[in-house]
Amino acid sequence: MRKGTNAQRNTVFGGLRMKFVALNMACVAVVVALAFSAICVFDWKQDTAEVQHAIASSIDAAQGQRGHGDKPTGDDPGAAAPAPSDADATDAAPQAAAEADQADVPDQASDAGAAAPKIGGGQGQTIPVAVYTLTDAGDAIETSPAGTADIDDELLDQALSRIANADDGTGAFNDLGLFFEKRTCGNATYIAFADADSAAGWKSLALTLAGVAAAVLAAFFVISLFFSRWALRPVEQAWRSQRQFIADASHELKTPITVILADASIALEHPERTIESQRQWIEGIQDEGQRMQGLVEDMLSLAKHDAAEASEHADMGKQREDADLASLAQRAVLQFEAVAFERGVDVDADAPGPVALRCVRSDIERVCGILIDNACKYAGDGGRVLVRVRREGKHAELSVHNTGEPIPAESLPHVFDRFWRADQARTSGAGGYGLGLSIARSIVEEHGGTLSVASSKAEGTTFTARFPLKK
């Protein structure tokens, strides 16, 4: 049975943990995907803007070259040159030689330099731009400044066929891998092309971010597994406590129910007998019924206090009032004097002065009664119970001390567990269901206090309840 319960518990909480992890992973994956996608889109827009700027700058440079070339320079090959005089020829000879030397420099540099980058290859870190001027016949004349780029004839023909009759503006031919701009200035029409790969840096960035995202999700998966166990641990403990509570309650109820059924069966076997002759069985039914009533009341009380702890209204409709803890403790001592006398126990109270407390009076009276009753049970014949009330700093302290056999050290952590009772030697003849101390602790915690226990052979056993004082 226990193996089946453990398997069921593992299955239930294993499923909850997986749902918790899956939900967290889904949320994180969506956030990471949106964030990294936004970064890639921003990078693509920035690269596209840079390409468009490079295209516009190249057209501006081509316009500047054309405007400079339109100025009269006297170098028109169609114009007749005046015949130089002998003096001019003599003076011009050295100058002509120097100009010839200078004219050879760009030729040499052009021969020695690298070829202009081809658009479509995504080469280098600069943005290659090819600028063309359209003639009236629809032909394209290259006017790229300093030959910054070149474009294949076939690719150029395809692009020109699309853009020749189009309006001025910018755009892209995705299938050709080109960005373009068409601009008409006066009688001249300029067309510039740039490689689409110049704005494709986002692709490598996306691959990098995908790797980062995978690493982040893997790390978060491990973290989620750890936190899922940590987050569900209180739920698992509550679930285990509830099942234990039900099992213990069922066990406690089984005995009185069995006795009641047995006594009723015996009484029914002889219907001809009088009630007086059946008194033994009827009294047994009554006693066990009262025991069941007490147990059910205790369980309902615990359920109410549990609900109060989970509710915003801690007192579940109960009104708190000003009370004197010392008076409540002394009244409880008086109520138990007769019980203590029957058990041969001496009960004393030590409450030198009033201690004001804002509380639910009936609940605090019940705490005092539970602690004193528990102390009287275990003080032993000729034992002593001492109830003290003190003001300790900002707290009111109620302590109930009893002599007798101490609580074993290994049992101290379980004293306030529901249905827990100490070893047989300590509980022999004491009765009870093991719910009193659990109820007392719930009440104390509802009032913002704490209930603790200390026990040793030399000092005896002391339960101490600490409440915050009235403000």
# chains A, B, ... in the order shown; residues from 1 in each chain; ligands from 1
$ residues_around --residues "range 203-209 of chain A" --least-positions-apart "4" --cutoff "12 Å" --atoms "only C-alpha atoms" --output "ChimeraX atom specification"
/A:32-44,47,197-199,213-217
$ write_last_selection --atoms "N, CA and C atoms" --output "CSV table (one decimal), in the first residue's frame"
chain,number,residue,atom,x,y,z
A,32,VAL,N,12.8,35.2,-25.4
A,32,VAL,CA,14.1,35.2,-26.1
A,32,VAL,C,13.9,35.3,-27.6
A,33,ALA,N,13.0,34.6,-28.2
A,33,ALA,CA,12.7,34.7,-29.6
A,33,ALA,C,12.3,36.1,-30.0
A,34,LEU,N,11.4,36.7,-29.3
A,34,LEU,CA,11.0,38.1,-29.6
A,34,LEU,C,12.2,39.1,-29.5
A,35,ALA,N,12.9,38.9,-28.4
A,35,ALA,CA,14.1,39.8,-28.2
A,35,ALA,C,15.1,39.7,-29.3
A,36,PHE,N,15.5,38.5,-29.6
A,36,PHE,CA,16.5,38.2,-30.6
A,36,PHE,C,16.0,38.6,-32.0
A,37,SER,N,14.8,38.3,-32.3
A,37,SER,CA,14.2,38.7,-33.6
A,37,SER,C,14.2,40.2,-33.7
A,38,ALA,N,13.9,40.9,-32.6
A,38,ALA,CA,13.9,42.4,-32.7
A,38,ALA,C,15.4,42.9,-33.0
A,39,ILE,N,16.3,42.2,-32.4
A,39,ILE,CA,17.7,42.6,-32.6
A,39,ILE,C,18.1,42.4,-34.1
A,40,CYS,N,17.7,41.3,-34.6
A,40,CYS,CA,18.0,41.0,-36.0
A,40,CYS,C,17.3,42.0,-37.0
A,41,VAL,N,16.1,42.3,-36.7
A,41,VAL,CA,15.3,43.2,-37.5
A,41,VAL,C,16.0,44.6,-37.5
A,42,PHE,N,16.4,45.0,-36.3
A,42,PHE,CA,17.1,46.3,-36.1
A,42,PHE,C,18.4,46.3,-36.8
A,43,ASP,N,19.1,45.2,-36.8
A,43,ASP,CA,20.4,45.2,-37.5
A,43,ASP,C,20.2,45.2,-39.0
A,44,TRP,N,19.2,44.5,-39.5
A,44,TRP,CA,18.9,44.5,-40.9
A,44,TRP,C,18.5,45.9,-41.4
A,47,ASP,N,21.6,48.1,-41.5
A,47,ASP,CA,22.5,47.7,-42.7
A,47,ASP,C,21.8,48.2,-44.0
A,197,ASP,N,23.9,41.5,-50.4
A,197,ASP,CA,24.7,40.9,-49.3
A,197,ASP,C,25.3,41.9,-48.4
A,198,SER,N,25.4,43.2,-48.8
A,198,SER,CA,25.9,44.2,-48.0
A,198,SER,C,25.0,44.5,-46.8
A,199,ALA,N,23.8,44.1,-46.9
A,199,ALA,CA,22.8,44.2,-45.8
A,199,ALA,C,22.4,42.9,-45.2
A,213,ALA,N,20.8,31.6,-27.8
A,213,ALA,CA,19.4,31.2,-27.3
A,213,ALA,C,19.4,29.7,-26.8
A,214,ALA,N,20.1,28.9,-27.6
A,214,ALA,CA,20.1,27.4,-27.3
A,214,ALA,C,20.8,27.3,-25.9
A,215,ALA,N,21.9,28.0,-25.7
A,215,ALA,CA,22.7,27.9,-24.5
A,215,ALA,C,21.8,28.4,-23.3
A,216,VAL,N,21.1,29.5,-23.6
A,216,VAL,CA,20.3,30.1,-22.5
A,216,VAL,C,19.2,29.2,-22.1
A,217,LEU,N,18.5,28.6,-23.1
A,217,LEU,CA,17.4,27.7,-22.8
A,217,LEU,C,17.9,26.5,-22.1
$ residues_around --residues "Asp248 in chain A" --least-positions-apart "6" --cutoff "12 Å" --atoms "only C-alpha atoms" --output "list in words"
Ser241, Gln242, Lys254, Thr255, Leu295, Met299, Asp417, Arg418, Phe419, Trp420, Arg421, Tyr433, Gly434 and Leu435 of chain A
$ write_last_selection --atoms "C-alpha atoms" --output "tab-separated table (two decimals), in the first residue's frame"
chain	number	residue	atom	x	y	z
A	241	SER	CA	0.45	15.81	5.55
A	242	GLN	CA	-3.12	15.74	4.31
A	254	LYS	CA	-12.04	2.92	13.33
A	255	THR	CA	-11.81	1.86	16.99
A	295	LEU	CA	-12.25	13.73	17.74
A	299	MET	CA	-10.45	17.87	13.43
A	417	ASP	CA	2.54	16.81	14.49
A	418	ARG	CA	-1.10	15.83	14.19
A	419	PHE	CA	-2.06	12.50	15.73
A	420	TRP	CA	1.47	12.13	17.07
A	421	ARG	CA	1.89	10.72	20.57
A	433	TYR	CA	-5.75	11.71	19.96
A	434	GLY	CA	-2.55	13.69	19.55
A	435	LEU	CA	-4.36	16.77	18.19
$ residues_around --residues "range 357-370 of chain A" --least-positions-apart "3" --cutoff "7 Å" --atoms "only C-alpha atoms" --output "list of chain:residue names"
A:Lys318, A:Gln319, A:Arg320, A:Glu321, A:Asp322, A:Ala323, A:Asp324, A:Leu325, A:Leu328, A:Ala329, A:Ala332, A:Asp373, A:Asn374, A:Gly436, A:Leu437, A:Ala440, A:Ile443, A:His447, A:Leu469, A:Lys470
$ residues_around --residues "range 379-381 of chain A" --least-positions-apart "2" --cutoff "10 Å" --atoms "only C-alpha atoms" --output "list in words"
Ala340, Glu342, Arg343, Gly344, Val345, Asp346, Asn374, Ala375, Cys376, Lys377, Gly383, Arg384, Val385, His401, Asn402, Thr403, Gly404, Glu405, Pro406, Arg426, Gly460 and Thr461 of chain A
$ select_by_dssp --residues "range 158-196 of chain A" --states "alpha helix (DSSP H)" --output "ChimeraX atom specification"
/A:158-163
$ closest_residue --among "A:Leu160, A:Ala172, A:Ile285, A:Ala210" --to "Ala264 in chain A" --atoms "only C-alpha atoms"
A:Ile285
$ residues_around --residues "His305 in chain A" --least-positions-apart "2" --cutoff "8 Å" --atoms "only C-alpha atoms" --output "PDB file with C-alpha atoms, in the first residue's frame"
ATOM      1  CA  SER A 301     -11.067  22.993  14.783  1.00  0.00           C
ATOM      2  CA  LEU A 302      -7.814  22.227  12.982  1.00  0.00           C
ATOM      3  CA  ALA A 303      -9.534  22.632   9.614  1.00  0.00           C
ATOM      4  CA  ALA A 307      -8.458  27.916   6.648  1.00  0.00           C
ATOM      5  CA  ALA A 308      -7.769  30.963   8.805  1.00  0.00           C
ATOM      6  CA  GLU A 309      -4.056  30.793   8.025  1.00  0.00           C
ATOM      7  CA  ILE A 439      -4.419  22.958  17.729  1.00  0.00           C
ATOM      8  CA  SER A 442      -2.211  26.785  15.164  1.00  0.00           C
ATOM      9  CA  ILE A 443      -3.951  29.210  17.541  1.00  0.00           C
ATOM     10  CA  GLU A 446      -2.763  32.810  14.190  1.00  0.00           C
TER      11      GLU A 446
END
$ residues_around --residues "Ala409 in chain A" --least-positions-apart "6" --cutoff "10 Å" --atoms "only C-alpha atoms" --output "mmCIF file with N, CA, C and O atoms, in the first residue's frame"
data_model
loop_
_atom_site.group_PDB
_atom_site.id
_atom_site.type_symbol
_atom_site.label_atom_id
_atom_site.label_comp_id
_atom_site.auth_asym_id
_atom_site.auth_seq_id
_atom_site.Cartn_x
_atom_site.Cartn_y
_atom_site.Cartn_z
ATOM 1 N N ALA A 454 10.813 22.469 25.235
ATOM 2 C CA ALA A 454 12.149 22.042 25.677
ATOM 3 C C ALA A 454 11.950 20.971 26.741
ATOM 4 O O ALA A 454 11.069 21.102 27.605
ATOM 5 N N SER A 455 12.759 19.904 26.679
ATOM 6 C CA SER A 455 12.573 18.802 27.620
ATOM 7 C C SER A 455 13.903 18.131 27.917
ATOM 8 O O SER A 455 14.699 17.879 27.002
ATOM 9 N N SER A 456 14.137 17.900 29.185
ATOM 10 C CA SER A 456 15.334 17.170 29.617
ATOM 11 C C SER A 456 15.033 16.513 30.952
ATOM 12 O O SER A 456 14.095 16.908 31.666
#
$ decode --residues "range 318-334 of chain A" --atoms "N, CA, C and O atoms" --output "mmCIF file, in the first residue's frame"
data_model
loop_
_atom_site.group_PDB
_atom_site.id
_atom_site.type_symbol
_atom_site.label_atom_id
_atom_site.label_comp_id
_atom_site.auth_asym_id
_atom_site.auth_seq_id
_atom_site.Cartn_x
_atom_site.Cartn_y
_atom_site.Cartn_z
ATOM 1 N N LYS A 318 -13.928 35.938 13.872
ATOM 2 C CA LYS A 318 -13.821 36.131 15.316
ATOM 3 C C LYS A 318 -13.289 37.537 15.600
ATOM 4 O O LYS A 318 -12.396 38.025 14.927
ATOM 5 N N GLN A 319 -13.846 38.136 16.632
ATOM 6 C CA GLN A 319 -13.444 39.477 17.011
ATOM 7 C C GLN A 319 -12.367 39.425 18.086
ATOM 8 O O GLN A 319 -12.529 38.754 19.102
ATOM 9 N N ARG A 320 -11.281 40.122 17.847
ATOM 10 C CA ARG A 320 -10.239 40.210 18.875
ATOM 11 C C ARG A 320 -10.596 41.306 19.868
ATOM 12 O O ARG A 320 -11.243 42.298 19.531
ATOM 13 N N GLU A 321 -10.153 41.105 21.088
ATOM 14 C CA GLU A 321 -10.433 42.055 22.154
ATOM 15 C C GLU A 321 -9.238 42.126 23.092
ATOM 16 O O GLU A 321 -8.342 41.273 23.062
ATOM 17 N N ASP A 322 -9.231 43.156 23.911
ATOM 18 C CA ASP A 322 -8.161 43.294 24.901
ATOM 19 C C ASP A 322 -8.409 42.323 26.048
ATOM 20 O O ASP A 322 -9.529 42.224 26.567
ATOM 21 N N ALA A 323 -7.357 41.598 26.419
ATOM 22 C CA ALA A 323 -7.477 40.624 27.506
ATOM 23 C C ALA A 323 -6.180 40.599 28.305
ATOM 24 O O ALA A 323 -5.117 40.989 27.810
ATOM 25 N N ASP A 324 -6.295 40.113 29.524
ATOM 26 C CA ASP A 324 -5.135 39.972 30.406
ATOM 27 C C ASP A 324 -4.710 38.508 30.381
ATOM 28 O O ASP A 324 -5.450 37.621 30.831
ATOM 29 N N LEU A 325 -3.541 38.254 29.822
ATOM 30 C CA LEU A 325 -3.061 36.880 29.700
ATOM 31 C C LEU A 325 -2.891 36.243 31.074
ATOM 32 O O LEU A 325 -3.152 35.039 31.246
ATOM 33 N N ALA A 326 -2.466 37.018 32.065
ATOM 34 C CA ALA A 326 -2.279 36.470 33.406
ATOM 35 C C ALA A 326 -3.605 35.970 33.978
ATOM 36 O O ALA A 326 -3.679 34.885 34.565
ATOM 37 N N SER A 327 -4.675 36.743 33.787
ATOM 38 C CA SER A 327 -5.985 36.330 34.306
ATOM 39 C C SER A 327 -6.484 35.075 33.595
ATOM 40 O O SER A 327 -7.042 34.168 34.228
ATOM 41 N N LEU A 328 -6.283 35.004 32.287
ATOM 42 C CA LEU A 328 -6.715 33.827 31.538
ATOM 43 C C LEU A 328 -5.973 32.586 32.014
ATOM 44 O O LEU A 328 -6.565 31.498 32.158
ATOM 45 N N ALA A 329 -4.676 32.710 32.274
ATOM 46 C CA ALA A 329 -3.891 31.564 32.733
ATOM 47 C C ALA A 329 -4.330 31.130 34.130
ATOM 48 O O ALA A 329 -4.457 29.927 34.413
ATOM 49 N N GLN A 330 -4.553 32.087 35.026
ATOM 50 C CA GLN A 330 -4.977 31.744 36.388
ATOM 51 C C GLN A 330 -6.349 31.063 36.387
ATOM 52 O O GLN A 330 -6.582 30.113 37.146
ATOM 53 N N ARG A 331 -7.259 31.529 35.517
ATOM 54 C CA ARG A 331 -8.570 30.902 35.433
ATOM 55 C C ARG A 331 -8.437 29.461 34.951
ATOM 56 O O ARG A 331 -9.119 28.553 35.452
ATOM 57 N N ALA A 332 -7.572 29.219 33.990
ATOM 58 C CA ALA A 332 -7.368 27.862 33.492
ATOM 59 C C ALA A 332 -6.797 26.963 34.582
ATOM 60 O O ALA A 332 -7.166 25.786 34.701
ATOM 61 N N VAL A 333 -5.896 27.501 35.393
ATOM 62 C CA VAL A 333 -5.324 26.718 36.489
ATOM 63 C C VAL A 333 -6.412 26.307 37.472
ATOM 64 O O VAL A 333 -6.463 25.151 37.948
ATOM 65 N N LEU A 334 -7.312 27.238 37.778
ATOM 66 C CA LEU A 334 -8.402 26.916 38.701
ATOM 67 C C LEU A 334 -9.298 25.812 38.139
ATOM 68 O O LEU A 334 -9.764 24.937 38.875
#
